[in-house]
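The block underneath contains the structure these notes are about, expressed in structure tokens.
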Amino acid sequence: MPEGRGGGHRRVAAAVLVTAWGLALAGIALAVAAGAPWDSDQGFFLVDTADALVYGLVAAVVLSRRLHPVGWLVALTALGTGVSAVVAQLGELAMGGAPDGPPPPWLVLQGTAWVPGTLALMLVVPYLLAGERPSRGGRAAVGAGVAVIAASLAVRLLDPWPWPEADLSFSPLGVRGEAWARLAEPLAWWLQLAVVVLGFGGAGYAAWTRWRDREARGLGWLAIGVALISATFVPLLAWPEGEPGRAVALFTPLAHLASQAFFPAAILVTVLRRRLFGIDLAVSRTLVWTLLTGLLVAGHLASVALLGLLLPGEGTVARVLATAGTAAAIQPVRGWLQRRVDRLVYGEAPAPALTRVGRHLGSAGPPEEALAGMAESIAGSFRLGAVRILGPGATGRSPDDVAVPLSVRGEPAGVLLVTPRPGERLDRRARAALDEVAPVVATAVRLAAVTRALRESRGRLAAARDDERRLLRRELHDEIGPALAGVGLGLAAVRNLLPPGAERADELLARLREEVDARVEEVRVLARGLVPPVLAELGLVAALRELVMRYEADGLTVLVRAAGGAGDRTPPEVAGAVYAIVAEAIRNVARHARAGLCVVELGVSEGLLKVAVQDDGAGMAAGARQGVGTVSIRERAEGVGGTALWSPGEGGRGTRLELRLPC
């Protein structure tokens, strides 16, 4: 069936509304014509008429905007109860002239037409509204509910009553058999019990889903509505044969009418979400008026009854006090209801959303992760399809996006692109709430930009520092080192020119030659430490393996493990920092840890080079102060935009150093 504008089919919705309201109005006209006295049957007629009017309107609104299964079930309820109302009054007219005659066969619709839709509201709808896809238990409950509905309808249609006491059956499809006649009544009772149990189960499922997902708007109201409808069947279980008292007999229609203060609004809000545009104010005001009227009437009656028992006299004082109390409670109760109805219809208020966004900002990691988390938090808080945060000058906006500008101190900081869910659009309240959230997002965007600029500046400083180290190494290796070596050779030549007998001068020149040779070696070691040749020639992993070979003679076994080509394409400044950090870490292990094994692991994931250095030594004492080496490691890691974290080793033995560096 093609969908019309707004996600539904307006002609189908109009047909449902006209038919349901036509049946309700026809039932009212027939009731006036029949002039039947008020009894419990007329109470059920009132319920059927109200259901046809209310659920007919709800079904029309839902189907005009979204072809949802719940919309069809609500339409079935409206049409079924409308048929029951009309048939009930036609029966009054038909049987009025011959009350002892056989009922017309179509009168069976009075007790069966309402069954599929009304029971579906209790047994099926809660699971369809509690999530995009019911859980396995929910699907099983839906299957059980469908089976109970079908069985209940079948029992009502096939019931042979009043046969065999009379030679007729109320239902034209009644099966006249002694075994079935004995089974039909207890089977109907057990099916009603199943309806009550499954109905309260559906209410509990909706309430549990609401408790688990605090953003699931409408499910709490749905749980109350389902529980009220389920409670209307309890008197039928308690008095399966006899007539209950008048108060109990009134409970079923009144409780069913009370459920209409919760059920329709819950369906509209849960199914349509932001497809309520244009009717949100009407839904809000109607719901507040209905609930306020019901609560005030119930409170007034309860106050009159209670004060009548406590105060002496004919009850005049009690009625006056109850009226005064009711009048005084109007404004507070209205404000209390309005806040809850607004949360139901419009969603979360800005303050809780700001709290959640701020909490996420405070617990997030890197700026990019913080912005992504904020976008997800905003989408969840306001029930949006997607949320994107773009910086200044960024493009990629689609026609369905709503742009919320971001600014800090009057300067543009970016834009918040909000995409409603398919078929929905933002109402004024949602847009106002997003405007209140925007300053927090703008601050986060500016913070991310500043952090990114700082990271880039730090990267440039690290690159400049590495360039200076390379220049210094080249000067040490190519100029100072050879110059000192030349001085040593000159000293050797001078010794060869000494005349015989100059032992003291020869000894002094020999010591000077040894000192110069030692300084030459130190220059070479210093140059090699600044930028190891193997690091520039063969890469990070080869340089680390060459580094750890120096510790084998000291009794420390160091293993280097690289996974997935880690270190192959590491930027030079990052590779130099990793080499220096690992060298410092292994030096600390050799000096202080009393370890026999040290493992260096390298890996790449999520765009980060992850390096771990772990030993099996004594570990770090609790509360130990950071030494020069520890501070140097942290500064080197932060200098290239990374982090360094120390923790106990696996099994509580030794120390584990973890590095996360951009690669």
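In the structure tokens, chains take the letters A, B, ... in the order shown, each chain's residues start at 1, and ligands count up from 1 in the order shown.
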Taking the backbone alone, and naming residues the way the document does, which bits of segment 366-407 of chain A are strand (DSSP E) by DSSP, as a ChimeraX atom specification? /A:386-390,402-407
What does the file look like for those residues with C-alpha atoms, as an mmCIF file, in the first residue's frame?
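Below is the file that was written, part_1.cif:
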```cif
data_model
loop_
_atom_site.group_PDB
_atom_site.id
_atom_site.type_symbol
_atom_site.label_atom_id
_atom_site.label_comp_id
_atom_site.auth_asym_id
_atom_site.auth_seq_id
_atom_site.Cartn_x
_atom_site.Cartn_y
_atom_site.Cartn_z
ATOM 1 C CA ALA A 386 21.840 11.106 13.825
ATOM 2 C CA VAL A 387 23.941 13.929 15.217
ATOM 3 C CA ARG A 388 27.170 15.238 13.703
ATOM 4 C CA ILE A 389 29.505 17.912 14.998
ATOM 5 C CA LEU A 390 31.435 19.783 12.313
ATOM 6 C CA VAL A 402 18.850 20.809 10.896
ATOM 7 C CA ALA A 403 21.854 23.044 11.549
ATOM 8 C CA VAL A 404 22.398 24.495 15.024
ATOM 9 C CA PRO A 405 25.230 27.073 14.886
ATOM 10 C CA LEU A 406 27.973 26.818 17.489
ATOM 11 C CA SER A 407 29.855 29.862 18.741
#
```
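Compared by their closest atoms to Ala566 of chain A, and using only C-alpha atoms, the residues A:Cys663, A:Ala536, A:Leu508, A:Leu254 rank with A:Cys663 nearest.
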So that I can see what lies close to Leu461 of chain A, please list as a ChimeraX atom specification the residues with an atom at most 10 Å from it, counting only C-alpha atoms and leaving out residues fewer than 5 positions away in the same chain. /A:455-456,466-467,573,639-640
